[in-house]
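Structure file run_30.txt (compact mmCIF, C-alpha atoms) is printed below.
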```txt
# COMPACT_ATOMS: atom_id res chain seq x y z
CA MET A 1 95.42 202.24 158.69
CA SER A 2 97.34 204.92 156.84
CA LEU A 3 100.95 204.12 156.09
CA SER A 4 103.55 206.80 155.55
CA ASP A 5 105.84 206.78 152.54
CA GLU A 6 108.79 206.28 154.85
CA THR A 7 107.21 203.16 156.31
CA LEU A 8 106.60 201.71 152.86
CA MET A 9 110.16 202.56 151.81
CA ALA A 10 111.52 200.85 154.92
CA TYR A 11 109.33 197.85 154.10
CA VAL A 12 110.80 197.63 150.60
CA ASP A 13 114.29 198.04 152.04
CA GLY A 14 113.73 195.19 154.51
CA GLU A 15 114.18 197.51 157.48
CA LEU A 16 110.94 196.97 159.44
CA ASP A 17 110.76 194.76 162.50
CA GLU A 18 108.67 191.63 162.19
CA GLU A 19 105.50 193.10 163.66
CA ARG A 20 105.42 196.17 161.40
CA ARG A 21 106.53 194.11 158.41
CA ALA A 22 103.57 191.79 158.88
CA ALA A 23 101.22 194.76 159.22
CA VAL A 24 102.42 196.26 155.93
CA ALA A 25 102.26 192.87 154.20
CA GLN A 26 98.66 192.59 155.35
CA ALA A 27 97.87 196.06 154.00
CA VAL A 28 99.52 195.21 150.68
CA ALA A 29 97.30 192.14 150.41
CA THR A 30 94.06 193.98 151.17
CA ASP A 31 94.51 197.56 149.97
CA PRO A 32 95.19 198.07 146.26
CA GLU A 33 96.41 201.61 146.88
CA VAL A 34 99.06 200.39 149.34
CA ALA A 35 99.98 197.61 146.91
CA ARG A 36 100.43 200.19 144.15
CA ARG A 37 102.64 202.40 146.31
CA VAL A 38 104.81 199.46 147.33
CA ALA A 39 105.09 198.31 143.72
CA GLN A 40 106.21 201.81 142.75
CA GLN A 41 108.96 201.74 145.39
CA ARG A 42 110.06 198.27 144.27
CA LEU A 43 110.17 199.43 140.67
CA LEU A 44 112.36 202.40 141.55
CA ARG A 45 114.75 200.23 143.52
CA ALA A 46 114.90 197.70 140.68
CA SER A 47 115.49 200.44 138.08
CA LEU A 48 118.37 201.88 140.07
CA GLN A 49 119.96 198.48 140.53
CA ALA A 50 119.48 197.62 136.87
CA ALA A 51 121.05 200.89 135.76
CA PHE A 52 124.28 200.13 137.62
CA ALA A 53 124.33 196.33 137.46
CA GLY A 54 126.47 196.41 134.34
CA VAL A 55 129.38 197.93 136.24
CA LEU A 56 129.80 194.68 138.18
CA ASP A 57 130.26 192.78 134.92
CA GLU A 58 132.87 195.10 133.49
CA PRO A 59 136.43 193.87 133.69
CA VAL A 60 138.18 195.74 136.48
CA PRO A 61 140.87 198.00 134.99
CA GLU A 62 144.30 196.49 135.42
CA HIS A 63 145.74 199.60 137.07
CA LEU A 64 143.25 199.29 139.94
CA VAL A 65 144.11 195.65 140.59
CA ARG A 66 147.78 196.60 140.44
CA ALA A 67 147.20 199.45 142.89
CA ALA A 68 145.49 197.09 145.33
CA HIS A 69 148.43 194.69 145.09
CA THR A 70 151.27 197.16 145.13
CA ALA A 71 150.27 200.56 146.57
CA PRO A 72 152.43 201.33 149.60
CA ALA A 73 150.85 200.16 152.83
CA GLY A 74 151.14 201.54 156.32
CA ALA A 75 152.05 204.92 157.72
CA HIS A 76 154.75 207.00 156.00
CA SER A 77 153.78 205.43 152.73
CA GLY A 78 153.85 208.66 150.78
CA THR A 79 151.64 211.39 149.52
CA VAL A 80 147.97 211.07 148.85
CA VAL A 81 146.55 212.55 145.70
CA ASP A 82 143.17 213.99 145.00
CA LEU A 83 140.82 213.60 142.11
CA ALA A 84 141.79 216.85 140.45
CA SER A 85 145.40 215.77 140.01
CA LYS A 86 144.34 212.31 138.85
CA ARG A 87 142.06 213.90 136.33
CA ALA A 88 144.69 216.34 135.16
CA ALA A 89 147.09 213.44 134.58
CA ARG A 90 144.44 211.59 132.63
CA ARG A 91 143.60 214.63 130.51
CA SER A 92 147.21 215.04 129.55
CA ARG A 93 147.32 211.36 128.55
CA LEU A 94 144.24 211.90 126.41
CA ARG A 95 145.83 214.96 124.88
CA ARG A 96 148.94 212.95 123.99
CA VAL A 97 146.83 210.28 122.33
CA LEU A 98 145.02 212.94 120.37
CA ALA A 99 148.24 214.65 119.42
CA GLN A 100 149.49 211.38 118.02
CA GLY A 101 146.55 211.35 115.66
CA GLY A 102 144.68 208.49 117.22
CA ALA A 103 140.96 208.38 116.98
CA ILE A 104 139.33 210.60 119.54
CA ALA A 105 138.06 208.02 121.94
CA ALA A 106 135.51 210.10 123.73
CA SER A 107 132.02 209.01 123.07
CA LEU A 108 129.12 210.58 124.72
CA LEU A 109 126.36 209.86 127.04
CA LEU A 110 123.43 212.14 126.54
CA GLY A 111 121.07 213.24 129.18
CA ALA A 112 117.88 211.29 128.97
CA LEU A 113 115.76 214.11 127.68
CA ILE A 114 118.32 215.06 125.11
CA ALA A 115 118.68 211.43 124.14
CA GLU A 116 114.98 210.99 123.67
CA ARG A 117 114.69 214.13 121.66
CA PHE A 118 117.71 213.63 119.46
CA LEU A 119 118.03 209.88 119.21
CA GLY A 120 114.31 209.49 118.84
CA SER A 121 112.86 207.22 116.23
CA GLY A 122 110.26 208.37 113.73
CA ASP A 123 111.97 210.42 111.09
CA GLY A 124 115.29 208.87 112.06
CA GLY A 125 117.56 210.56 114.54
CA PHE A 126 120.71 212.52 113.97
CA PHE A 127 122.86 209.62 115.20
CA VAL A 128 123.32 205.91 114.87
CA THR A 129 125.70 203.73 116.78
CA GLN A 130 127.87 201.22 115.00
CA ARG A 131 130.21 198.92 116.89
CA GLY A 132 130.14 201.30 119.82
CA GLN A 133 130.97 204.34 117.71
CA LEU A 134 128.50 207.17 117.41
CA LEU A 135 128.04 208.15 113.76
CA ALA A 136 126.22 211.12 112.29
CA HIS A 137 123.05 210.14 110.52
CA GLY A 138 120.27 211.66 108.48
CA ALA A 139 120.14 215.43 108.34
CA LEU A 140 123.26 215.79 110.46
CA ALA A 141 125.35 213.55 108.18
CA HIS A 142 124.02 215.40 105.15
CA ALA A 143 124.84 218.81 106.59
CA LEU A 144 128.33 217.73 107.63
CA THR A 145 129.03 216.53 104.11
CA GLU A 146 127.38 219.34 102.13
CA GLN A 147 126.77 222.44 104.21
CA LEU A 148 129.25 225.30 104.22
CA ALA A 149 129.53 227.50 107.29
CA SER A 150 130.02 230.46 104.97
CA SER A 151 126.66 230.08 103.25
CA GLN A 152 124.31 228.21 105.54
CA ALA A 153 120.76 229.30 106.24
CA ALA A 154 120.36 230.86 109.68
CA GLY A 155 117.30 228.79 110.48
CA ALA A 156 118.71 225.40 109.52
CA ASN A 157 118.44 222.76 112.24
CA VAL A 158 122.10 221.87 111.82
CA GLN A 159 124.62 224.66 111.97
CA ILE A 160 128.21 224.03 110.99
CA GLY A 161 130.86 225.81 113.03
CA VAL A 162 134.55 225.36 112.41
CA SER A 163 136.11 222.98 109.90
CA PHE A 164 139.71 221.91 110.32
CA GLN A 165 142.22 219.19 109.65
CA ALA A 166 143.26 216.93 112.55
CA HIS A 167 146.73 215.57 113.21
CA SER A 168 145.61 212.32 111.65
CA GLY A 169 144.86 214.13 108.40
CA GLU A 170 141.12 213.63 108.77
CA TYR A 171 138.80 216.57 108.33
CA CYS A 172 136.72 217.45 111.35
CA ARG A 173 133.85 219.89 111.77
CA THR A 174 132.09 221.29 114.80
CA PHE A 175 128.33 221.55 114.66
CA SER A 176 125.32 222.46 116.69
CA LEU A 177 121.82 221.20 116.21
CA ARG A 178 118.37 221.32 117.61
CA ARG A 179 115.44 219.05 117.11
CA ASP A 180 112.63 221.51 116.78
CA PRO A 181 112.41 225.20 116.12
CA GLY A 182 112.06 226.93 119.46
CA SER A 183 113.41 223.95 121.34
CA SER A 184 114.98 225.06 124.58
CA SER A 185 117.97 222.75 124.43
CA ALA A 186 120.51 222.06 121.78
CA LEU A 187 123.51 219.87 121.21
CA ALA A 188 126.93 220.80 120.00
CA GLY A 189 129.63 218.41 118.93
CA LEU A 190 132.66 217.53 116.90
CA ALA A 191 132.60 215.03 114.04
CA CYS A 192 135.51 213.73 111.97
CA ARG A 193 135.36 212.12 108.53
CA ALA A 194 136.78 208.62 108.42
CA ARG A 195 136.05 205.62 106.23
CA GLY A 196 133.10 207.31 104.62
CA ASP A 197 131.31 208.22 107.86
CA TRP A 198 131.23 211.17 110.19
CA HIS A 199 132.43 209.87 113.56
CA VAL A 200 130.94 211.92 116.34
CA ASP A 201 133.67 212.15 118.94
CA VAL A 202 132.29 214.72 121.31
CA LEU A 203 128.81 215.92 122.11
CA ALA A 204 127.71 218.38 124.73
CA ARG A 205 124.61 220.24 125.64
CA SER A 206 124.52 223.86 124.69
CA ALA A 207 121.83 226.34 125.52
CA PRO A 208 120.49 228.46 122.70
CA ASP A 209 120.89 232.16 123.24
CA GLU A 210 118.13 234.17 124.86
CA SER A 211 116.57 235.31 121.63
CA GLY A 212 115.69 231.69 120.98
CA GLY A 213 118.05 231.47 118.05
CA TYR A 214 121.38 229.81 117.72
CA ARG A 215 124.54 230.87 119.28
CA GLU A 216 127.21 231.45 116.75
CA ALA A 217 128.49 227.92 116.51
CA SER A 218 132.08 229.02 116.48
CA SER A 219 131.92 231.64 119.20
CA ALA A 220 130.02 229.91 121.98
CA MET A 221 131.04 226.31 121.71
CA PRO A 222 130.67 224.22 124.87
CA SER A 223 134.05 223.84 126.49
CA ALA A 224 134.06 220.07 125.93
CA VAL A 225 133.85 220.67 122.19
CA SER A 226 136.39 223.46 122.04
CA GLN A 227 138.84 221.45 124.16
CA ALA A 228 138.51 218.45 121.85
CA MET A 229 139.04 220.72 118.88
CA ASP A 230 142.10 222.31 120.45
CA ALA A 231 143.54 218.88 121.08
CA ALA A 232 142.90 217.55 117.60
CA ILE A 233 143.55 220.52 115.33
CA THR A 234 146.68 220.94 113.28
CA GLY A 235 147.33 224.29 111.67
CA ALA A 236 144.59 226.88 111.42
CA PRO A 237 140.87 226.29 110.91
CA LEU A 238 139.81 226.25 107.26
CA ASP A 239 138.71 229.55 105.77
CA ALA A 240 135.73 229.76 103.43
CA ASP A 241 137.81 228.78 100.39
CA GLY A 242 139.49 225.92 102.22
CA GLU A 243 136.16 224.66 103.47
CA ARG A 244 134.68 224.70 99.98
CA ALA A 245 137.72 222.97 98.51
CA ALA A 246 137.66 220.24 101.15
CA ARG A 247 133.96 219.66 100.60
CA ASP A 248 134.46 219.45 96.85
CA ARG A 249 137.08 216.75 97.46
CA ALA A 250 134.42 214.91 99.53
CA TRP A 251 136.53 215.50 102.65
CA GLN A 252 139.31 213.22 101.44
CA PRO A 253 142.59 214.17 103.12
CA MET B 254 143.55 191.05 166.18
CA SER B 255 145.11 192.90 163.30
CA LEU B 256 144.69 191.99 159.67
CA SER B 257 147.76 191.24 157.59
CA VAL B 258 148.36 193.64 154.73
CA GLU B 259 148.16 190.73 152.29
CA ASN B 260 144.74 189.89 153.63
CA VAL B 261 143.61 193.52 153.24
CA ARG B 262 144.95 193.66 149.68
CA GLU B 263 143.06 190.51 148.73
CA GLN B 264 139.87 191.79 150.25
CA ILE B 265 140.21 195.07 148.37
CA VAL B 266 140.75 193.24 145.08
CA ALA B 267 137.60 191.20 145.72
CA LEU B 268 135.69 194.41 146.48
CA LEU B 269 136.80 196.28 143.34
CA PRO B 270 133.65 195.62 141.27
CA ARG B 271 131.41 196.97 144.04
CA LEU B 272 133.70 199.89 144.80
CA ARG B 273 133.64 200.83 141.13
CA ARG B 274 129.84 200.65 141.06
CA PHE B 275 129.54 202.76 144.18
CA ALA B 276 131.99 205.34 142.83
CA ARG B 277 130.02 205.42 139.57
CA THR B 278 126.85 206.38 141.42
CA LEU B 279 128.75 209.31 142.92
CA ALA B 280 130.91 210.55 140.07
CA ARG B 281 129.01 209.37 137.00
CA ASP B 282 131.98 209.88 134.67
CA PRO B 283 133.45 206.36 134.67
CA HIS B 284 137.03 207.63 134.58
CA ASP B 285 136.44 209.97 137.49
CA ALA B 286 134.81 207.04 139.30
CA ASP B 287 137.81 204.79 138.72
CA ASP B 288 140.12 207.58 139.85
CA LEU B 289 138.11 207.77 143.08
CA VAL B 290 138.54 204.03 143.55
CA GLN B 291 142.26 204.31 142.98
CA ILE B 292 142.53 207.14 145.50
CA ALA B 293 140.59 205.03 147.99
CA ILE B 294 142.89 202.06 147.44
CA GLU B 295 145.95 204.23 148.03
CA ARG B 296 144.49 205.96 151.07
CA GLY B 297 143.08 202.73 152.48
CA LEU B 298 146.36 200.88 152.23
CA ALA B 299 148.31 203.83 153.61
CA LYS B 300 146.31 203.62 156.82
CA TYR B 301 145.35 199.96 156.85
CA GLU B 302 146.73 199.67 160.39
CA GLN B 303 143.60 201.48 161.57
CA LEU B 304 141.69 198.38 160.54
CA GLN B 305 142.83 196.62 163.69
CA ASP B 306 139.69 197.77 165.42
CA GLU B 307 137.42 197.31 162.51
CA ALA B 308 137.72 194.16 160.50
CA ASN B 309 134.96 195.07 158.05
CA VAL B 310 137.04 196.01 155.03
CA ALA B 311 133.98 196.63 152.83
CA ARG B 312 132.42 199.21 155.14
CA TRP B 313 135.80 200.80 155.68
CA MET B 314 136.56 201.08 151.96
CA PHE B 315 133.09 202.43 151.10
CA GLY B 316 133.73 205.10 153.71
CA ILE B 317 137.06 206.02 152.15
CA VAL B 318 135.51 206.28 148.67
CA LYS B 319 132.82 208.51 150.17
CA ASN B 320 135.42 210.71 151.86
CA ALA B 321 137.45 211.00 148.66
CA TRP B 322 134.31 212.09 146.86
CA ILE B 323 133.46 214.67 149.52
CA ASP B 324 137.02 216.00 149.30
CA GLU B 325 136.49 216.39 145.59
CA ILE B 326 133.19 218.22 146.03
CA ARG B 327 134.81 220.61 148.49
CA ALA B 328 137.82 221.13 146.27
CA ARG B 329 135.52 221.89 143.36
CA ALA B 330 133.63 224.43 145.41
CA ARG B 331 136.93 226.04 146.36
CA ARG B 332 138.03 226.16 142.75
CA GLU B 333 134.56 227.44 141.87
CA ARG B 334 134.61 224.85 139.18
CA LEU B 335 131.38 223.06 139.86
CA LEU B 336 130.33 220.88 137.00
CA THR B 337 128.61 222.98 134.42
CA ASP B 338 125.58 221.65 132.69
CA GLU B 339 127.49 221.03 129.51
CA GLU B 340 130.14 219.05 131.33
CA ALA B 341 127.51 217.08 133.18
CA GLY B 342 125.97 216.18 129.86
CA MET B 343 129.22 214.70 128.68
CA ASN B 344 130.43 211.34 129.70
CA ILE B 345 132.97 208.84 128.55
CA ALA B 346 130.60 205.96 128.49
CA ASP B 347 130.74 202.29 127.85
CA PRO B 348 129.57 202.29 124.23
CA ALA B 349 127.25 199.38 124.92
CA ALA B 350 125.40 201.55 127.40
CA GLN B 351 124.58 204.22 124.86
CA ALA B 352 121.59 202.41 123.51
CA HIS B 353 119.89 202.09 126.84
CA VAL B 354 117.80 205.15 127.21
CA GLU B 355 116.26 203.70 130.35
CA THR B 356 119.67 203.47 131.98
CA LEU B 357 120.47 206.96 130.79
CA ALA B 358 117.28 208.28 132.33
CA VAL B 359 118.10 206.70 135.68
CA GLU B 360 121.71 207.91 135.65
CA ASP B 361 120.62 211.36 134.59
CA ALA B 362 118.02 211.57 137.36
CA LEU B 363 120.49 210.31 139.95
CA ALA B 364 123.08 212.86 138.85
CA ARG B 365 120.60 215.66 139.52
CA LEU B 366 120.18 214.76 143.19
CA PRO B 367 122.04 216.67 145.88
CA ASP B 368 125.26 214.85 146.76
CA GLU B 369 124.13 213.67 150.20
CA GLN B 370 120.97 212.17 148.73
CA ARG B 371 122.89 210.46 145.96
CA LEU B 372 125.21 208.96 148.54
CA ALA B 373 122.25 207.51 150.47
CA VAL B 374 120.74 206.07 147.28
CA GLY B 375 124.07 204.55 146.25
CA LEU B 376 124.65 202.84 149.57
CA VAL B 377 121.14 201.59 150.34
CA LEU B 378 119.27 201.19 147.05
CA ILE B 379 122.16 200.22 144.79
CA GLU B 380 124.72 198.61 147.10
CA GLY B 381 122.00 197.10 149.27
CA LEU B 382 123.54 198.05 152.61
CA SER B 383 121.38 198.27 155.73
CA TYR B 384 120.30 201.65 157.08
CA LYS B 385 122.65 201.11 159.99
CA GLU B 386 125.68 200.40 157.81
CA ALA B 387 124.89 203.26 155.43
CA ALA B 388 124.40 205.74 158.28
CA HIS B 389 127.71 204.62 159.77
CA ILE B 390 129.55 205.19 156.48
CA MET B 391 127.88 208.57 155.98
CA GLU B 392 128.58 209.50 159.61
CA VAL B 393 124.99 210.64 160.19
CA PRO B 394 122.17 209.43 162.46
CA ILE B 395 119.79 206.85 160.97
CA GLY B 396 116.94 209.39 160.97
CA THR B 397 118.99 211.70 158.75
CA LEU B 398 119.75 208.83 156.39
CA THR B 399 116.09 207.80 156.10
CA SER B 400 114.86 211.34 155.47
CA ARG B 401 117.51 211.82 152.76
CA LEU B 402 116.48 208.53 151.21
CA ALA B 403 112.81 209.53 151.27
CA ARG B 404 113.50 212.89 149.63
CA ALA B 405 115.74 211.24 147.05
CA ARG B 406 113.12 208.65 146.17
CA THR B 407 110.39 211.23 145.78
CA ALA B 408 112.60 213.34 143.53
CA LEU B 409 113.66 210.32 141.45
CA GLN B 410 110.05 209.19 141.02
CA GLU B 411 109.11 212.62 139.76
CA MET B 412 112.03 212.81 137.36
CA LEU B 413 111.51 209.32 136.00
CA GLN B 414 107.74 209.46 135.79
CA GLY B 415 107.76 211.32 132.49
CA SER B 416 109.68 208.77 130.48
CA ALA B 417 108.20 205.69 132.17
CA GLY B 418 104.68 207.07 131.99
CA GLU B 419 104.69 207.32 128.22
CA ARG B 420 105.49 203.65 127.84
CA ARG B 421 102.78 202.47 130.18
```

For this file, produce the structure as C-alpha cells.
Amino acid sequence: MSLSDETLMAYVDGELDEERRAAVAQAVATDPEVARRVAQQRLLRASLQAAFAGVLDEPVPEHLVRAAHTAPAGAHSGTVVDLASKRAARRSRLRRVLAQGGAIAASLLLGALIAERFLGSGDGGFFVTQRGQLLAHGALAHALTEQLASSQAAGANVQIGVSFQAHSGEYCRTFSLRRDPGSSSALAGLACRARGDWHVDVLARSAPDESGGYREASSAMPSAVSQAMDAAITGAPLDADGERAARDRAWQP
Amino acid sequence: MSLSVENVREQIVALLPRLRRFARTLARDPHDADDLVQIAIERGLAKYEQLQDEANVARWMFGIVKNAWIDEIRARARRERLLTDEEAGMNIADPAAQAHVETLAVEDALARLPDEQRLAVGLVLIEGLSYKEAAHIMEVPIGTLTSRLARARTALQEMLQGSAGERR
C-alpha cells in the first residue's frame, strides 16, 4: 500500500477516521519507510510547537489584560485602529525613551543562517549574550574599541561606519561585518560603549554590494540601523579628529 | 442565548496567552503580535453582540486576529511597504530566546512561508485546532486548508533540513 504525504500528515494531525487510522498504524508498524516519514512529520510538528511554547509562559502584558477588561463593548463603541497606527504610536514611544537617554532596548533576533554563521562557536563569535544583553565580542569588540573609520583596511571583516555621541553621553558606533571573505550576507549594527562593554542595540542584515565588497558602511546602512542612530544621536557625527580623540580617551564620555 | 459582556471579557482574558502565541506565528515581531491581539480585543468587544449565534469565543477571537492580520497585509501592500529583508531580520525578541538557534531556525523558516500557509500552520500545527475549525476560521474549504498545510510542511522540512541534518 502506498500512502500519500497528505494521508500521513492527516494521521499525525489526528484527522483520519478510525478505519484509515488503523491502516496507517499498521503500515507504520510493518514498513520502516512509512515509520520514518511519520516520524519526520511528528518531529516537524513538535519543533513548531516547541518554538512557540514559550509564548504561553510569558506574562501577558498588562495593557492587553486592561483592554480585555475595559475596551468599549457593543456597537457605537468607537473607532477601530489598525496595526500601522498602533505601530506608529509605539515607535514614537520608543523614540521618546531614546531621546531621554535610556538604554536602547532593542535587541535582535537573527535569522537562523545568520545566527549560525555569526554566533558560531569555534574561533568565538562576534557576540556574546550577558543577562539578556547582546555584547560585542572578539574581533568585533576589538574593532569597535581600536579601529578608526578614517584609516581602516578595506578588506577588514569589521568595518566601522559612523561614530557619535548619544543623548546619554555614551559613544556609539555603527558597524558592518561579514564572517568570511566572499560571504553573500553581512550584518550591520549599532553598538554603544557602556560599563566597559560594547552593547549591541541593533542588528540587521545587509547585503554586500554587487562587486562582492562592502557597501560604504555609512552610506548604505540598513534602515533599522540608521533609524536607531537618528533616534540616539545628539549633535553631529564625529569627524576623523573627534573619532581619534574619543578612541584615545577609551570612549569615556 | 446571548453571552454577557462580562462573560466575554473573562473568556478573552483566559485566551490571551493563546491569542498572543497565534499572533506571534503571524507577525513574528512580538510587539506587532501584541498590537494585533489588542486590535482583536477592541474589535471583538465592539461587536461582541454578534456572538449570540456563536458561543465559541476562542474560534471567534482567532478569526478576528486573523482578519486584523490580513488587513495589515493588505494595508502594507497598498503602502508598498512590504517587509524588507533587513526589517524581517530584525526583531525585538525575548532575550532568553536569543540563545536558541533551533527556535530561531523554526521561526525564520515559518516567516518565509506565504501568509496563507503560515496561517494554516499556526492554527493546526501550533494551536492544535482541527482541520474543520481551522478551515472555518480561514474561511476556506477543508481541501484548501489541507493542501496549504501540505505545501507548508514540505517547504518547512526543506528549510529546516540543513540545520537539523548537520546535528544528526

Contacts of Trp313 (chain B) within 12 Å, all atoms listed in the file, excl. fewer than 3 positions in-chain, as a PyMOL selection string: chain B and resi 261+264-265+268+272+293-294+296-298+300-310+316-320+386-387+389-392

Give me the residues within 8 Å of Met9 (chain A) as number ranges by chain, counting all atoms listed in the file and dropping any in the same chain fewer than 4 places off. A: 5, 13, 38, 41; B: 403

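Here CA of Ile379 (chain B) is placed at a distance of 23.9 Å from CA of Val28 (chain A).
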
Hey, what's within 12 Å of Glu259 (chain B) if we count all atoms listed in the file and toss same-chain stuff fewer than 2 positions away? As a list in words, please?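 My reading of the contact set: Ala68, His69, Thr70, Ala71, Pro72, Ala73 and Gly74 of chain A; Ser255, Leu256, Ser257, Val261, Arg262, Glu263, Gln264, Ile265, Val266, Leu298 and Tyr301 of chain B.
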
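Between CA of Glu146 (chain A) and CA of Ala224 (chain A) the interatomic distance comes to 24.7 Å.
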
Would you pick out the contacts of Gly381 (chain B) at 12 Å or less, using all atoms listed in the file, so that residues sharing its chain but fewer than 6 positions from it are not included, and give the list as a PyMOL selection string? (chain A and resi 12-15+45-46+48-49) or (chain B and resi 271+274-275+373-375+387)

Write the residues of the selection above to a file with C-alpha atoms, as a PDB file, in the coordinates of the input.
```
ATOM      1  CA  VAL A  12     110.800 197.630 150.600  1.00  0.00           C
ATOM      2  CA  ASP A  13     114.290 198.040 152.040  1.00  0.00           C
ATOM      3  CA  GLY A  14     113.730 195.190 154.510  1.00  0.00           C
ATOM      4  CA  GLU A  15     114.180 197.510 157.480  1.00  0.00           C
ATOM      5  CA  ARG A  45     114.750 200.230 143.520  1.00  0.00           C
ATOM      6  CA  ALA A  46     114.900 197.700 140.680  1.00  0.00           C
ATOM      7  CA  LEU A  48     118.370 201.880 140.070  1.00  0.00           C
ATOM      8  CA  GLN A  49     119.960 198.480 140.530  1.00  0.00           C
TER       9      GLN A  49
ATOM     10  CA  ARG B 271     131.410 196.970 144.040  1.00  0.00           C
ATOM     11  CA  ARG B 274     129.840 200.650 141.060  1.00  0.00           C
ATOM     12  CA  PHE B 275     129.540 202.760 144.180  1.00  0.00           C
ATOM     13  CA  ALA B 373     122.250 207.510 150.470  1.00  0.00           C
ATOM     14  CA  VAL B 374     120.740 206.070 147.280  1.00  0.00           C
ATOM     15  CA  GLY B 375     124.070 204.550 146.250  1.00  0.00           C
ATOM     16  CA  ALA B 387     124.890 203.260 155.430  1.00  0.00           C
TER      17      ALA B 387
END
```

Could you please give me, as a PyMOL selection string, the residues of protein, DNA or RNA lying at most 12 Å from (137.2, 206.2, 138.3) in the coordinate frame of the file, considering only C-alpha atoms? (chain A and resi 55+60-61+63-64+82-84+86-87+90) or (chain B and resi 269-270+272-294+318+321-322+345-346)

Work out how far apart CA of Ala267 (chain B) and CA of Leu372 (chain B) are and give it in Å to one decimal.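 Going from CA of Ala267 (chain B) over to CA of Leu372 (chain B) covers 21.8 Å.
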
Using only C-alpha atoms, the shortest atom-to-atom distance to chain A among B:Ala408, B:Leu398, B:Leu366, B:Leu357 belongs to B:Leu357

Neighbours of Tyr171 (chain A) within 10 Å (all atoms listed in the file; same-chain residues fewer than 4 positions away dropped), as a PyMOL selection string? chain A and resi 163-167+191-194+198+233+238+243+246-247+250-253

Mind listing as a list in words all residues within 6 Å of (104.3, 199.3, 150.9), counting only C-alpha atoms? Leu8, Val34, Arg37 and Val38 of chain A

Just checking: using only C-alpha atoms, which residue out of B:Leu409, B:Asp368, B:Ile395, B:Phe315 ends up closest to chain A?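 Comparing B:Leu409, B:Asp368, B:Ile395, B:Phe315 against chain A, the winner is B:Leu409.
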
Using all atoms listed in the file for the distances, tell me which of A:His199, A:Arg173, A:Leu190, A:Ala50 is nearest to His137 (chain A).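 Using all atoms listed in the file, the shortest distance to His137 (chain A) belongs to A:His199.
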
Which residue of A:Val128, A:Ala232, A:Leu3, A:Leu148 approaches Glu170 (chain A) most closely, using all atoms listed in the file: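 Nearest candidate to Glu170 (chain A) out of A:Val128, A:Ala232, A:Leu3, A:Leu148: A:Ala232.
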